[in-house]
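Undergrad: Encoded as structure tokens, here's the structure I'll be asking about.
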Amino acid sequence: MEEKRLIDLIDELMTRLNSTKTSHPHGRWTETPKSKSTTSKKPRRSKTAYQLKISLNGIRPPIWRRVLVPGHATFHDLHLIIQEAMGWEQAHLYEFDLRNVLVSIPDDWDSFHFGKERLDARRIQLQQWLTEEKQKFLYIYDFGDYWRHTITVEKIETLPKPLERATCLKGKRACPPEDCGGVYGYLELLESAANQDSLTDPELLERLDWMYDMKGEDFDPDAFNIEEVNKRLSYIHL
């Protein structure tokens, strides 16, 4: 009898666990955001569209993407768009810095941080904050490696009908590997790759092998495949 009750309890826990997760097209699992009300209506789609340029700070030649996103997208949607457009793997936390406001996913944080109000990225739409062209703000990904991206509002357009997906219009260069040590760690890896025939430092050789394990033996830091980016973006329904 006790054994049956234990099995029933395990089944119930597994059911609850699976109900809070959703699959990612790349095989990763992400938590499904929980809403406060199961009866809340989905925001109306907007005909407003933003052309945004996403530039990874601190690296030359620059790594950047130009994307078209709908105004009804939330900042969490934009996080997902940036991840797929740049080539990140959704492995770390993030936040948007809009000068006086920080936008991120709540994780037992205070409503204010260093004098800045914190807002829930899942509840704030782009059109609520992005009001003019040439407006700039920061997207910070991975608080360890601390990748800073400058996002520029290049154009604000009104389309005949709302966009349902984001589109990458252009871009340059490949995304760094995750957990490589930030800007300086990545630049060191690129220098090691450029001089690998004469490289003798065992630590640098090991890190170089790690990069190729992460990104593939044919990794080209100057490569950019817009078709592959838009294929990844097509999985994000807005």
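Identifiers in this document derive from the order of the structure tokens: chains are assigned A, B, ..., residues are numbered from 1 separately in each chain, and ligands are numbered from 1 in order of occurrence.
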When you look at Ala49 (chain A) with a cut-off of 10 Å (counting only C-alpha atoms), what residues show up, excluding the ones that are within fewer than 2 positions of it in the same chain? I need them as a list of chain:residue names.
TA: A:Ser46, A:Lys47, A:Gln51, A:Leu52, A:Leu68, A:Val69, A:Pro70, A:Gly71, A:His72, A:Ala73, A:Leu126, A:Gln127, A:Lys155, A:Ile156, A:Glu157, A:Thr158, A:Leu159, A:Lys161, A:Pro162, A:Leu163, A:Ala166
Undergrad: Save out the residues we just selected, C-alpha atoms, as an mmCIF file, in the first residue's frame.
TA:
data_model
loop_
_atom_site.group_PDB
_atom_site.id
_atom_site.type_symbol
_atom_site.label_atom_id
_atom_site.label_comp_id
_atom_site.auth_asym_id
_atom_site.auth_seq_id
_atom_site.Cartn_x
_atom_site.Cartn_y
_atom_site.Cartn_z
ATOM 1 C CA SER A 46 0.226 46.088 -33.198
ATOM 2 C CA LYS A 47 0.906 47.293 -36.729
ATOM 3 C CA GLN A 51 13.911 48.186 -37.006
ATOM 4 C CA LEU A 52 16.555 47.567 -34.364
ATOM 5 C CA LEU A 68 12.511 43.920 -37.626
ATOM 6 C CA VAL A 69 10.243 43.243 -34.643
ATOM 7 C CA PRO A 70 6.585 44.033 -33.873
ATOM 8 C CA GLY A 71 5.660 46.701 -31.358
ATOM 9 C CA HIS A 72 3.464 44.294 -29.389
ATOM 10 C CA ALA A 73 6.462 42.063 -28.604
ATOM 11 C CA LEU A 126 8.323 47.436 -26.747
ATOM 12 C CA GLN A 127 5.794 50.028 -27.884
ATOM 13 C CA LYS A 155 13.224 53.066 -37.689
ATOM 14 C CA ILE A 156 9.654 53.004 -36.402
ATOM 15 C CA GLU A 157 7.200 51.945 -39.099
ATOM 16 C CA THR A 158 3.469 51.348 -39.408
ATOM 17 C CA LEU A 159 2.802 48.243 -41.485
ATOM 18 C CA LYS A 161 -0.809 44.328 -40.832
ATOM 19 C CA PRO A 162 0.909 43.205 -37.621
ATOM 20 C CA LEU A 163 4.065 41.125 -37.771
ATOM 21 C CA ALA A 166 10.765 38.833 -36.152
#
Undergrad: Do you know which residues are at most 7 Å from region 79-85 of chain A counting only C-alpha atoms, after dropping those on the same chain fewer than 3 positions away, and could you put them as a PyMOL selection string?
TA: chain A and resi 65+75-76+88-90+168+229+232-233
Undergrad: Could you take the residues named above and write them with C-alpha atoms, as an mmCIF file, in the first residue's frame?
TA:
data_model
loop_
_atom_site.group_PDB
_atom_site.id
_atom_site.type_symbol
_atom_site.label_atom_id
_atom_site.label_comp_id
_atom_site.auth_asym_id
_atom_site.auth_seq_id
_atom_site.Cartn_x
_atom_site.Cartn_y
_atom_site.Cartn_z
ATOM 1 C CA ARG A 65 22.402 42.190 -36.341
ATOM 2 C CA PHE A 75 11.006 42.694 -23.758
ATOM 3 C CA HIS A 76 11.206 38.991 -22.949
ATOM 4 C CA TRP A 88 23.538 32.771 -28.039
ATOM 5 C CA GLU A 89 22.120 29.691 -26.315
ATOM 6 C CA GLN A 90 19.777 31.031 -23.603
ATOM 7 C CA CYS A 168 16.747 39.473 -39.461
ATOM 8 C CA VAL A 229 19.223 33.067 -38.311
ATOM 9 C CA ARG A 232 15.726 30.088 -35.813
ATOM 10 C CA LEU A 233 13.628 33.242 -35.526
#
Undergrad: Report as number ranges by chain: the residues of region 119-225 of chain A with a DSSP assignment of alpha helix (DSSP H), based on the backbone of this structure.
TA: A: 126-129, 182-194, 202-215
Undergrad: Which residues, written as an mmCIF file with C-alpha atoms, in the first residue's frame, have at least one atom at most 12 Å from region 194-209 of chain A, with only C-alpha atoms counted and residues fewer than 4 positions away on the same chain left out?
TA:
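Saved to result18.cif:
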data_model
loop_
_atom_site.group_PDB
_atom_site.id
_atom_site.type_symbol
_atom_site.label_atom_id
_atom_site.label_comp_id
_atom_site.auth_asym_id
_atom_site.auth_seq_id
_atom_site.Cartn_x
_atom_site.Cartn_y
_atom_site.Cartn_z
ATOM 1 C CA PRO A 177 30.984 30.902 -27.720
ATOM 2 C CA ASP A 179 31.303 30.994 -21.214
ATOM 3 C CA CYS A 180 34.498 31.989 -23.011
ATOM 4 C CA GLY A 181 35.402 34.740 -20.545
ATOM 5 C CA GLY A 185 38.500 35.951 -23.199
ATOM 6 C CA TYR A 186 37.093 35.836 -26.724
ATOM 7 C CA LEU A 187 39.753 38.162 -28.118
ATOM 8 C CA GLU A 188 42.415 35.936 -26.558
ATOM 9 C CA LEU A 189 40.832 32.904 -28.231
ATOM 10 C CA LEU A 190 40.819 34.652 -31.612
ATOM 11 C CA ASP A 213 34.413 21.690 -29.438
ATOM 12 C CA MET A 214 31.805 24.354 -28.688
ATOM 13 C CA LYS A 215 31.572 25.978 -32.117
ATOM 14 C CA GLY A 216 32.837 23.256 -34.445
ATOM 15 C CA GLU A 217 36.194 22.654 -36.112
ATOM 16 C CA ASP A 218 35.185 24.889 -39.020
ATOM 17 C CA PHE A 219 34.282 27.868 -36.808
ATOM 18 C CA ASP A 220 34.837 31.117 -38.699
ATOM 19 C CA PRO A 221 34.529 34.278 -36.567
#
Undergrad: Using only C-alpha atoms for the distances, tell me which of A:Ile63, A:Ile236, A:Ile151, A:Leu138 is nearest to Phe224 (chain A).
TA: A:Ile63
Undergrad: Find the distance between CA of Thr150 (chain A) and CA of Trp210 (chain A) and write it in Å to one decimal.
TA: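 Between these atoms lies a distance of 28.1 Å.
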Undergrad: Would you pick out the contacts of Leu93 (chain A) at 7 Å or less, using only C-alpha atoms, so that residues sharing its chain but fewer than 3 positions from it are not included, and give the list as a list in words?
TA: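 These residues fall inside the cut-off: Tyr141, Asp142 and Phe143 of chain A.
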Undergrad: Please compute the CA of Lys231 (chain A)-CA of Arg148 (chain A) distance, one decimal, in Å.
TA: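 That distance, rounded to one decimal, is 24.6 Å.
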Undergrad: For Leu102 (chain A), which residue out of A:Trp64, A:Trp147, A:Tyr212, A:Trp129 is the nearest one, using only C-alpha atoms?
TA: A:Trp129
